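Structure below is upload_31.cif: mmCIF, C-alpha atoms.
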```
data_start
loop_
_atom_site.label_atom_id
_atom_site.label_comp_id
_atom_site.auth_asym_id
_atom_site.auth_seq_id
_atom_site.Cartn_x
_atom_site.Cartn_y
_atom_site.Cartn_z
CA MET C 1 69.87 91.97 100.22
CA VAL C 2 70.14 95.53 98.93
CA GLN C 3 71.31 95.80 95.34
CA ARG C 4 74.14 98.23 94.66
CA GLY C 5 72.80 101.63 93.72
CA GLU C 6 69.37 100.84 95.24
CA ALA C 7 68.03 103.28 97.82
CA VAL C 8 66.92 102.10 101.25
CA ASN C 9 65.31 103.85 104.19
CA SER C 10 67.78 104.40 107.02
CA ALA C 11 68.46 106.90 109.80
CA SER C 12 72.18 106.05 109.63
CA LYS C 13 74.62 107.85 107.34
CA LEU C 14 76.74 104.68 106.97
CA ILE C 15 75.71 101.05 107.39
CA ALA C 16 78.27 98.26 107.01
CA ARG C 17 76.71 94.81 107.33
CA SER C 18 79.03 91.80 107.62
CA VAL C 19 81.54 93.36 105.22
CA SER C 20 84.44 91.17 104.09
CA VAL C 21 87.30 92.35 101.87
CA GLY C 22 90.15 90.29 100.44
CA TYR C 23 92.83 90.35 97.78
CA HIS C 24 95.15 88.06 95.85
CA ASN C 25 98.81 87.98 96.92
CA GLN C 26 101.18 85.73 94.96
CA LYS C 27 98.25 83.60 93.78
CA ARG C 28 96.89 83.27 97.32
CA TRP C 29 93.60 84.71 98.45
CA LEU C 30 94.07 86.71 101.67
CA LEU C 31 91.17 87.92 103.77
CA ALA C 32 91.85 91.47 105.03
CA VAL C 33 88.48 92.31 106.61
CA ASP C 34 86.16 89.68 108.04
CA ARG C 35 82.42 90.32 108.47
CA VAL C 36 82.65 93.80 109.92
CA SER C 37 79.41 95.51 110.93
CA VAL C 38 79.51 99.22 111.82
CA GLU C 39 76.97 102.03 111.70
CA VAL C 40 77.63 105.78 111.76
CA SER C 41 74.76 108.15 112.47
CA ASN C 42 74.22 111.52 110.85
CA HIS C 43 76.74 114.15 112.13
CA GLU C 44 78.52 111.49 114.22
CA PHE C 45 82.30 111.14 114.38
CA VAL C 46 83.51 107.54 114.71
CA SER C 47 87.11 106.27 114.84
CA ILE C 48 88.58 102.83 114.17
CA VAL C 49 91.75 101.73 115.97
CA GLY C 50 93.60 98.42 116.05
CA PRO C 51 96.92 96.72 115.39
CA SER C 52 98.92 97.49 112.25
CA GLY C 53 97.72 95.38 109.34
CA SER C 54 94.27 94.79 110.81
CA GLY C 55 92.46 96.00 107.69
CA LYS C 56 91.39 99.42 108.99
CA SER C 57 92.47 101.36 105.89
CA THR C 58 91.24 98.58 103.60
CA PHE C 59 87.80 98.85 105.18
CA LEU C 60 87.86 102.62 104.68
CA MET C 61 88.80 102.21 101.00
CA ALA C 62 85.94 99.75 100.55
CA ILE C 63 83.53 102.36 101.89
CA ASP C 64 84.94 104.85 99.40
CA GLY C 65 84.39 102.30 96.64
CA LEU C 66 88.09 102.03 95.73
CA VAL C 67 88.27 98.31 96.56
CA PRO C 68 85.46 95.77 96.06
CA VAL C 69 83.86 93.88 98.91
CA ALA C 70 83.92 90.09 98.92
CA GLY C 71 80.78 89.86 101.00
CA GLY C 72 78.26 91.88 102.96
CA GLU C 73 76.77 95.31 102.27
CA LEU C 74 77.91 98.93 102.40
CA ILE C 75 75.22 101.61 102.39
CA VAL C 76 75.87 105.37 102.48
CA ASP C 77 72.92 107.69 103.06
CA GLY C 78 70.48 104.97 102.10
CA VAL C 79 72.20 103.97 98.84
CA ALA C 80 74.33 100.85 98.42
CA VAL C 81 77.94 101.60 97.46
CA ASN C 82 78.79 100.96 93.83
CA GLY C 83 82.29 102.35 93.35
CA PRO C 84 83.58 105.85 94.16
CA GLY C 85 81.11 108.72 94.35
CA ARG C 86 80.92 112.42 95.20
CA ASP C 87 78.88 111.57 98.30
CA ARG C 88 82.15 110.42 99.94
CA ALA C 89 85.50 112.17 100.27
CA VAL C 90 88.81 110.82 101.58
CA VAL C 91 91.61 112.66 103.37
CA PHE C 92 94.79 110.61 103.17
CA GLN C 93 97.97 110.76 105.26
CA GLU C 94 99.75 112.72 102.53
CA ALA C 95 98.10 115.88 101.22
CA SER C 96 98.56 114.88 97.53
CA LEU C 97 97.88 118.38 96.27
CA PHE C 98 98.53 119.36 92.67
CA PRO C 99 101.90 121.18 92.88
CA TRP C 100 101.21 123.23 89.75
CA ARG C 101 97.90 124.59 91.11
CA THR C 102 97.54 127.32 93.69
CA VAL C 103 95.83 126.62 97.00
CA GLY C 104 92.59 128.13 95.72
CA ALA C 105 92.79 126.19 92.46
CA ASN C 106 93.40 122.94 94.32
CA ILE C 107 90.18 123.43 96.27
CA GLU C 108 88.27 124.58 93.20
CA PHE C 109 89.28 121.39 91.37
CA ALA C 110 86.94 119.38 93.62
CA LEU C 111 84.03 121.55 92.44
CA LEU C 112 84.55 121.26 88.69
CA ALA C 113 82.25 118.25 88.35
CA ASN C 114 79.39 119.95 90.24
CA GLN C 115 78.15 122.13 87.36
CA LEU C 116 78.61 125.28 89.39
CA SER C 117 79.33 128.65 87.81
CA LYS C 118 82.74 130.24 88.22
CA VAL C 119 81.24 132.74 90.66
CA GLU C 120 79.71 129.94 92.75
CA ARG C 121 82.98 128.00 92.76
CA ASN C 122 84.94 131.07 93.83
CA SER C 123 82.47 131.76 96.61
CA ARG C 124 82.81 128.21 97.97
CA VAL C 125 86.62 128.39 97.78
CA VAL C 126 86.64 131.66 99.73
CA GLU C 127 84.30 130.14 102.32
CA LEU C 128 86.49 127.05 102.78
CA LEU C 129 89.75 129.00 102.92
CA SER C 130 88.26 131.05 105.73
CA LEU C 131 87.02 127.88 107.45
CA VAL C 132 90.52 126.33 107.52
CA GLY C 133 92.26 129.61 108.35
CA LEU C 134 94.12 130.05 105.06
CA SER C 135 92.35 133.01 103.43
CA GLU C 136 95.62 134.84 102.79
CA PHE C 137 97.18 131.83 101.03
CA ALA C 138 94.72 131.46 98.14
CA LYS C 139 97.39 132.27 95.56
CA ALA C 140 100.21 130.35 97.23
CA TYR C 141 101.48 127.00 95.90
CA PRO C 142 101.67 123.80 97.99
CA SER C 143 105.47 123.93 98.10
CA GLN C 144 105.20 127.24 99.94
CA LEU C 145 103.14 125.73 102.76
CA SER C 146 104.06 123.72 105.85
CA GLY C 147 102.84 120.15 106.23
CA GLY C 148 100.05 121.19 108.56
CA MET C 149 98.90 123.92 106.17
CA GLN C 150 98.91 121.47 103.27
CA GLN C 151 96.64 119.16 105.24
CA ARG C 152 94.30 122.08 105.90
CA VAL C 153 94.06 122.57 102.13
CA ASN C 154 93.54 118.84 101.68
CA LEU C 155 90.70 118.92 104.20
CA ALA C 156 89.14 121.96 102.54
CA ARG C 157 89.30 120.21 99.16
CA ALA C 158 87.62 117.11 100.62
CA LEU C 159 84.82 119.25 102.08
CA ALA C 160 84.38 121.38 98.95
CA ALA C 161 81.55 119.33 97.44
CA ASN C 162 79.72 118.86 100.75
CA PRO C 163 80.25 115.07 100.97
CA LYS C 164 77.74 113.07 102.96
CA LEU C 165 80.57 111.10 104.57
CA LEU C 166 84.13 112.22 105.26
CA LEU C 167 86.68 109.39 105.41
CA LEU C 168 89.97 110.12 107.17
CA ASP C 169 92.89 107.71 106.74
CA GLU C 170 95.48 108.69 109.38
CA PRO C 171 95.44 112.29 108.09
CA PHE C 172 97.89 113.63 110.69
CA ALA C 173 100.34 110.71 110.89
CA SER C 174 103.13 112.55 109.06
CA LEU C 175 102.90 115.70 111.21
CA ASP C 176 104.97 116.53 114.28
CA ALA C 177 103.28 116.09 117.66
CA GLN C 178 102.55 119.77 118.24
CA THR C 179 101.10 120.36 114.76
CA ARG C 180 99.13 117.14 115.02
CA GLU C 181 97.42 118.28 118.23
CA VAL C 182 96.57 121.66 116.70
CA MET C 183 95.13 119.93 113.62
CA GLN C 184 93.00 117.66 115.79
CA GLU C 185 91.47 120.74 117.43
CA GLU C 186 90.95 122.31 114.01
CA LEU C 187 89.30 119.16 112.67
CA LEU C 188 86.80 119.16 115.54
CA ARG C 189 86.01 122.81 114.89
CA ILE C 190 85.63 122.35 111.14
CA CYS C 191 83.46 119.23 111.41
CA SER C 192 81.22 121.06 113.86
CA ALA C 193 80.92 124.10 111.56
CA GLU C 194 80.18 121.93 108.50
CA HIS C 195 77.95 119.42 110.39
CA THR C 196 80.18 116.69 108.98
CA THR C 197 79.71 112.95 109.43
CA ALA C 198 83.17 111.38 109.69
CA LEU C 199 84.90 108.02 109.98
CA LEU C 200 88.57 108.12 111.02
CA VAL C 201 91.22 105.40 110.92
CA THR C 202 94.15 105.99 113.27
CA HIS C 203 96.82 104.19 115.29
CA GLN C 204 96.65 106.90 117.95
CA ILE C 205 94.17 105.85 120.61
CA ASP C 206 94.25 109.25 122.33
CA GLU C 207 93.49 110.91 118.98
CA ALA C 208 90.53 108.60 118.44
CA ILE C 209 89.09 109.37 121.88
CA TYR C 210 89.64 113.12 121.59
CA LEU C 211 87.94 113.39 118.19
CA SER C 212 85.19 110.81 118.37
CA ASP C 213 81.75 110.08 119.69
CA ARG C 214 82.55 106.37 119.50
CA VAL C 215 85.71 104.28 119.08
CA VAL C 216 85.58 100.89 117.30
CA VAL C 217 88.44 98.47 118.00
CA PHE C 218 89.56 96.08 115.25
CA GLY C 219 91.27 92.79 115.97
CA ALA C 220 94.35 91.56 114.11
CA ARG C 221 94.08 90.47 110.46
CA PRO C 222 91.64 89.62 109.17
CA GLY C 223 90.12 92.76 110.61
CA HIS C 224 87.05 92.21 112.76
CA VAL C 225 85.27 94.20 115.44
CA LEU C 226 86.49 93.32 118.92
CA ALA C 227 84.88 96.11 120.94
CA GLU C 228 83.16 99.47 120.74
CA PHE C 229 83.33 102.34 123.23
CA LYS C 230 81.19 105.43 123.64
CA VAL C 231 83.28 108.50 124.45
CA PRO C 232 81.80 110.20 127.55
CA PHE C 233 82.59 113.80 126.60
CA ASP C 234 80.31 116.28 124.86
CA ARG C 235 81.52 118.32 121.93
CA PRO C 236 83.01 120.85 121.49
CA ARG C 237 86.02 119.68 123.50
CA ARG C 238 89.12 121.44 124.73
CA ALA C 239 92.61 119.96 124.78
CA GLU C 240 92.46 119.78 128.58
CA VAL C 241 90.00 116.89 128.32
CA ARG C 242 93.03 114.65 127.65
CA GLN C 243 93.94 115.02 131.34
CA ASP C 244 90.51 113.95 132.56
CA PRO C 245 90.67 110.68 134.56
CA GLN C 246 87.87 109.22 132.39
CA PHE C 247 89.89 110.00 129.26
CA ILE C 248 93.00 108.33 130.67
CA GLU C 249 91.05 105.30 131.88
CA LEU C 250 89.37 104.83 128.48
CA ASN C 251 92.72 105.20 126.72
CA GLN C 252 94.23 102.47 128.89
CA GLU C 253 91.22 100.18 128.46
CA ILE C 254 91.37 100.38 124.67
CA TRP C 255 95.16 99.97 124.69
CA LYS C 256 94.88 96.76 126.70
CA ILE C 257 92.68 95.26 123.98
CA VAL C 258 95.01 96.37 121.18
CA ARG C 259 98.09 95.23 123.11
CA ALA C 260 96.50 91.81 123.70
CA GLU C 261 96.05 91.48 119.93
CA TYR C 262 99.74 92.29 119.39
CA ASP C 263 100.74 89.72 122.00
CA ARG C 264 98.41 87.11 120.51
CA THR C 265 99.75 87.45 116.98
CA THR C 266 103.41 88.43 117.40
CA VAL C 267 106.51 87.38 119.29
CA GLY C 268 109.86 89.04 120.06
CA THR C 269 110.43 92.73 120.66
CA LEU C 270 106.75 93.67 120.71
CA GLY C 271 106.60 91.89 124.04
CA GLN C 272 108.62 94.79 125.46
CA VAL C 273 106.13 97.46 124.38
CA SER C 274 104.50 99.13 127.37
CA GLU C 275 103.34 102.57 126.24
CA PRO C 276 99.55 102.93 126.68
CA VAL C 277 99.30 106.32 124.99
CA THR C 278 99.74 105.78 121.27
CA GLY C 279 98.71 102.18 120.79
CA ASN C 280 101.35 101.92 118.07
#
```

Using the file provided, produce a representation of the structure as structure tokens.
Amino acid sequence: MVQRGEAVNSASKLIARSVSVGYHNQKRWLLAVDRVSVEVSNHEFVSIVGPSGSGKSTFLMAIDGLVPVAGGELIVDGVAVNGPGRDRAVVFQEASLFPWRTVGANIEFALLANQLSKVERNSRVVELLSLVGLSEFAKAYPSQLSGGMQQRVNLARALAANPKLLLLDEPFASLDAQTREVMQEELLRICSAEHTTALLVTHQIDEAIYLSDRVVVFGARPGHVLAEFKVPFDRPRRAEVRQDPQFIELNQEIWKIVRAEYDRTTVGTLGQVSEPVTGN
């Protein structure tokens, strides 16, 4: 058993060993995640999909150190997780930018704890604004940006301190379909440029396949690993890969597993759901 904060030798960026997470609800103990084991290699992009309420986001928050684990081990870059740390960064569904700070100042905020000089901070902000295609908006305020542009700033802020692991909690769920697809392409480009290791939680199976090297499928609550799929497409990828027969077949195969979990745990109108694209 690795003690929290103790370093271990590992080739993996993230190791989750039999992780369980629970919480109290009206004096009852509810298990949200049940003995999940997942590994993410350096520079790998892995996605987690599954039914609503299957503990995907809870598992992600445990990795970030925002919620305690009830059992098992979480190790990031060879060090056991002991609460939040600058080695991990989260991009949430909502951008959550400081409305009183400019775009540049929002990104710079993530660097204030890194003991960098003002010149060094400014240089990193300029670099990241260029990376996310917002160089001309450094002095703009969040309210002046579209939802997609705000998420670009949010992503830049998360990457500012060069985290060892980027955690993405349905970052594009609130965007329209067209913007979402553009942001998926941008995320692939940015992660490639920054050599980022990422773990994404999403309800969109096609999004998971398009972005990832591997897709992990959670079963219904308490969340547990049902299956894992290797995505058979090299990166970088173009949007046209979504029309590839292998892509479509993999999408349908994963959806069948998720749909079976819905059918197993619910009754009523969900029995009418037949769309294999979103998995929602």

For the file shown, what are the residues hit by the PyMOL selection byres ((chain C and resi 183) around 10), laid out as an MDAnalysis selection string?
chainID C and resid 132 148:149 151:152 171:172 175 177:182 184:189

For the structure provided, state which residues fall under the PyMOL selection byres ((chain C and resi 13-16) around 6), and present them as number ranges by chain.
C: 12, 17, 37-42, 73-77

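One finds atom CA of His43 of chain C at 8.5 Å from atom CA of Cys191 of chain C.
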
Counting only C-alpha atoms, what is within 10 Å of Leu159 of chain C, bar same-chain residues fewer than 5 positions away, as a ChimeraX atom specification?
/C:88-91,107,110-111,128,153-154,164-166,190-191,194,196

Between atom CA of Ser117 of chain C and atom CA of Asn162 of chain C, what is the spacing in Å?
16.2 Å

Exactly which residues make up the result of the PyMOL selection byres ((chain C and resi 231) around 7) on this file, given as a PyMOL selection string?
chain C and resi 209+212-214+229-230+232-233

Test item: residues at most 6 Å from Ser47 of chain C, only C-alpha atoms, excluding those fewer than 4 positions along its chain, as an MDAnalysis selection string:
chainID C and resid 199:201 208 215

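Going from atom CA of His203 of chain C to atom CA of Ala173 of chain C covers 8.6 Å.
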
With all atoms listed in the file as the basis for distance, which of C:Trp255, C:Tyr210, C:Tyr262, C:Tyr141 is at the shortest distance from Gln243 of chain C?
C:Tyr210

Which residue, C:His224, C:Leu168, C:Glu44, C:Pro51, has the smallest gap to Val21 of chain C when you use all atoms listed in the file?
C:His224

Taking all atoms listed in the file into account, name the residue in C:Thr197, C:Ser18, C:Ser54, C:Thr266 that is nearest to Leu31 of chain C.
C:Ser54

Measuring atom to atom with all atoms listed in the file, identify which of C:Ala62, C:Ser143, C:Pro245, C:Gly133 is nearest to Trp100 of chain C.
C:Ser143

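If only C-alpha atoms are the atoms counted, then among C:Ala260, C:Ala156, C:Arg242, C:Ala161 the closest residue to Asn106 of chain C is C:Ala156.
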
Within 10 Å of Pro222 of chain C, counting all atoms listed in the file, which residues qualify if same-chain residues fewer than 4 places away don't, as a PDB file with C-alpha atoms, in the coordinates of the input?
```pdb
ATOM      1  CA  SER C  20      84.440  91.170 104.090  1.00  0.00           C
ATOM      2  CA  VAL C  21      87.300  92.350 101.870  1.00  0.00           C
ATOM      3  CA  GLY C  22      90.150  90.290 100.440  1.00  0.00           C
ATOM      4  CA  LEU C  30      94.070  86.710 101.670  1.00  0.00           C
ATOM      5  CA  LEU C  31      91.170  87.920 103.770  1.00  0.00           C
ATOM      6  CA  ALA C  32      91.850  91.470 105.030  1.00  0.00           C
ATOM      7  CA  VAL C  33      88.480  92.310 106.610  1.00  0.00           C
ATOM      8  CA  ASP C  34      86.160  89.680 108.040  1.00  0.00           C
ATOM      9  CA  ARG C  35      82.420  90.320 108.470  1.00  0.00           C
ATOM     10  CA  VAL C  36      82.650  93.800 109.920  1.00  0.00           C
ATOM     11  CA  GLY C  53      97.720  95.380 109.340  1.00  0.00           C
ATOM     12  CA  SER C  54      94.270  94.790 110.810  1.00  0.00           C
ATOM     13  CA  GLY C  55      92.460  96.000 107.690  1.00  0.00           C
ATOM     14  CA  LYS C  56      91.390  99.420 108.990  1.00  0.00           C
ATOM     15  CA  PHE C 218      89.560  96.080 115.250  1.00  0.00           C
TER      16      PHE C 218
END
```

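Candidate residues C:Glu136, C:Ala70, C:Gln26, C:Gln144 were compared for distance to Pro99 of chain C, and the nearest is C:Gln144, using only C-alpha atoms.
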
Would you kindly identify which residues have an atom no farther than 12 Å from (96.0, 127.7, 90.7), using all atoms listed in the file and the file's own coordinates, and write them out as number ranges by chain?
C: 97-109, 122, 125, 137-142

I need the chosen residues saved as a JSON list (two decimals), in the frame of the given file, with C-alpha atoms.
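Result file follows (result07.json):
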```
[["chain", "number", "residue", "atom", "x", "y", "z"],
["C", 97, "LEU", "CA", 97.88, 118.38, 96.27],
["C", 98, "PHE", "CA", 98.53, 119.36, 92.67],
["C", 99, "PRO", "CA", 101.90, 121.18, 92.88],
["C", 100, "TRP", "CA", 101.21, 123.23, 89.75],
["C", 101, "ARG", "CA", 97.90, 124.59, 91.11],
["C", 102, "THR", "CA", 97.54, 127.32, 93.69],
["C", 103, "VAL", "CA", 95.83, 126.62, 97.00],
["C", 104, "GLY", "CA", 92.59, 128.13, 95.72],
["C", 105, "ALA", "CA", 92.79, 126.19, 92.46],
["C", 106, "ASN", "CA", 93.40, 122.94, 94.32],
["C", 107, "ILE", "CA", 90.18, 123.43, 96.27],
["C", 108, "GLU", "CA", 88.27, 124.58, 93.20],
["C", 109, "PHE", "CA", 89.28, 121.39, 91.37],
["C", 122, "ASN", "CA", 84.94, 131.07, 93.83],
["C", 125, "VAL", "CA", 86.62, 128.39, 97.78],
["C", 137, "PHE", "CA", 97.18, 131.83, 101.03],
["C", 138, "ALA", "CA", 94.72, 131.46, 98.14],
["C", 139, "LYS", "CA", 97.39, 132.27, 95.56],
["C", 140, "ALA", "CA", 100.21, 130.35, 97.23],
["C", 141, "TYR", "CA", 101.48, 127.00, 95.90],
["C", 142, "PRO", "CA", 101.67, 123.80, 97.99]]
```

Starting from the block above, write segment 61-72 of chain C out to a file with all heavy atoms, as a PDB file, in the first residue's frame, please.
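File selection_3.pdb, as written:
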```
ATOM      1  N   MET C  61     -13.270  13.858  -9.863  1.00  0.00           N
ATOM      2  CA  MET C  61     -13.023  14.757  -8.736  1.00  0.00           C
ATOM      3  C   MET C  61     -12.154  14.099  -7.668  1.00  0.00           C
ATOM      4  O   MET C  61     -11.396  14.770  -6.970  1.00  0.00           O
ATOM      5  CB  MET C  61     -14.352  15.221  -8.127  1.00  0.00           C
ATOM      6  CG  MET C  61     -15.199  16.092  -9.051  1.00  0.00           C
ATOM      7  SD  MET C  61     -14.328  17.548  -9.703  1.00  0.00           S
ATOM      8  CE  MET C  61     -13.863  16.977 -11.357  1.00  0.00           C
ATOM      9  N   ALA C  62     -12.249  12.788  -7.534  1.00  0.00           N
ATOM     10  CA  ALA C  62     -11.369  12.073  -6.613  1.00  0.00           C
ATOM     11  C   ALA C  62      -9.926  12.145  -7.089  1.00  0.00           C
ATOM     12  O   ALA C  62      -8.993  12.334  -6.291  1.00  0.00           O
ATOM     13  CB  ALA C  62     -11.818  10.618  -6.467  1.00  0.00           C
ATOM     14  N   ILE C  63      -9.722  12.017  -8.400  1.00  0.00           N
ATOM     15  CA  ILE C  63      -8.370  12.133  -8.952  1.00  0.00           C
ATOM     16  C   ILE C  63      -7.812  13.523  -8.700  1.00  0.00           C
ATOM     17  O   ILE C  63      -6.635  13.690  -8.378  1.00  0.00           O
ATOM     18  CB  ILE C  63      -8.379  11.818 -10.463  1.00  0.00           C
ATOM     19  CG1 ILE C  63      -8.779  10.362 -10.698  1.00  0.00           C
ATOM     20  CG2 ILE C  63      -7.000  12.087 -11.074  1.00  0.00           C
ATOM     21  CD1 ILE C  63      -9.049  10.031 -12.166  1.00  0.00           C
ATOM     22  N   ASP C  64      -8.665  14.532  -8.809  1.00  0.00           N
ATOM     23  CA  ASP C  64      -8.218  15.901  -8.553  1.00  0.00           C
ATOM     24  C   ASP C  64      -8.009  16.172  -7.069  1.00  0.00           C
ATOM     25  O   ASP C  64      -7.454  17.203  -6.701  1.00  0.00           O
ATOM     26  CB  ASP C  64      -9.227  16.901  -9.122  1.00  0.00           C
ATOM     27  CG  ASP C  64      -8.671  18.309  -9.189  1.00  0.00           C
ATOM     28  OD1 ASP C  64      -7.524  18.469  -9.666  1.00  0.00           O
ATOM     29  OD2 ASP C  64      -9.352  19.245  -8.764  1.00  0.00           O
ATOM     30  N   GLY C  65      -8.463  15.263  -6.216  1.00  0.00           N
ATOM     31  CA  GLY C  65      -8.291  15.448  -4.781  1.00  0.00           C
ATOM     32  C   GLY C  65      -9.386  16.252  -4.127  1.00  0.00           C
ATOM     33  O   GLY C  65      -9.271  16.628  -2.961  1.00  0.00           O
ATOM     34  N   LEU C  66     -10.489  16.520  -4.860  1.00  0.00           N
ATOM     35  CA  LEU C  66     -11.575  17.331  -4.316  1.00  0.00           C
ATOM     36  C   LEU C  66     -12.544  16.521  -3.466  1.00  0.00           C
ATOM     37  O   LEU C  66     -13.276  17.077  -2.652  1.00  0.00           O
ATOM     38  CB  LEU C  66     -12.345  18.016  -5.455  1.00  0.00           C
ATOM     39  CG  LEU C  66     -11.545  19.050  -6.257  1.00  0.00           C
ATOM     40  CD1 LEU C  66     -12.372  19.565  -7.425  1.00  0.00           C
ATOM     41  CD2 LEU C  66     -11.108  20.206  -5.360  1.00  0.00           C
ATOM     42  N   VAL C  67     -12.573  15.195  -3.678  1.00  0.00           N
ATOM     43  CA  VAL C  67     -13.381  14.321  -2.828  1.00  0.00           C
ATOM     44  C   VAL C  67     -12.502  13.161  -2.390  1.00  0.00           C
ATOM     45  O   VAL C  67     -11.657  12.677  -3.152  1.00  0.00           O
ATOM     46  CB  VAL C  67     -14.649  13.791  -3.558  1.00  0.00           C
ATOM     47  CG1 VAL C  67     -15.561  14.926  -3.947  1.00  0.00           C
ATOM     48  CG2 VAL C  67     -14.275  12.982  -4.786  1.00  0.00           C
ATOM     49  N   PRO C  68     -12.652  12.701  -1.136  1.00  0.00           N
ATOM     50  CA  PRO C  68     -11.791  11.627  -0.625  1.00  0.00           C
ATOM     51  C   PRO C  68     -12.229  10.265  -1.158  1.00  0.00           C
ATOM     52  O   PRO C  68     -13.393  10.051  -1.487  1.00  0.00           O
ATOM     53  CB  PRO C  68     -11.999  11.711   0.889  1.00  0.00           C
ATOM     54  CG  PRO C  68     -13.384  12.266   1.045  1.00  0.00           C
ATOM     55  CD  PRO C  68     -13.583  13.210  -0.110  1.00  0.00           C
ATOM     56  N   VAL C  69     -11.273   9.357  -1.245  1.00  0.00           N
ATOM     57  CA  VAL C  69     -11.593   7.992  -1.640  1.00  0.00           C
ATOM     58  C   VAL C  69     -11.913   7.181  -0.387  1.00  0.00           C
ATOM     59  O   VAL C  69     -11.361   7.415   0.685  1.00  0.00           O
ATOM     60  CB  VAL C  69     -10.443   7.337  -2.429  1.00  0.00           C
ATOM     61  CG1 VAL C  69     -10.170   8.115  -3.697  1.00  0.00           C
ATOM     62  CG2 VAL C  69      -9.189   7.221  -1.586  1.00  0.00           C
ATOM     63  N   ALA C  70     -12.826   6.223  -0.557  1.00  0.00           N
ATOM     64  CA  ALA C  70     -13.183   5.348   0.555  1.00  0.00           C
ATOM     65  C   ALA C  70     -12.332   4.083   0.566  1.00  0.00           C
ATOM     66  O   ALA C  70     -12.292   3.364   1.557  1.00  0.00           O
ATOM     67  CB  ALA C  70     -14.665   4.970   0.451  1.00  0.00           C
ATOM     68  N   GLY C  71     -11.656   3.837  -0.543  1.00  0.00           N
ATOM     69  CA  GLY C  71     -10.795   2.673  -0.630  1.00  0.00           C
ATOM     70  C   GLY C  71      -9.987   2.714  -1.904  1.00  0.00           C
ATOM     71  O   GLY C  71     -10.317   3.418  -2.857  1.00  0.00           O
ATOM     72  N   GLY C  72      -8.892   1.959  -1.918  1.00  0.00           N
ATOM     73  CA  GLY C  72      -8.043   1.914  -3.093  1.00  0.00           C
ATOM     74  C   GLY C  72      -6.993   3.005  -3.100  1.00  0.00           C
ATOM     75  O   GLY C  72      -6.795   3.718  -2.111  1.00  0.00           O
TER      76      GLY C  72
END
```
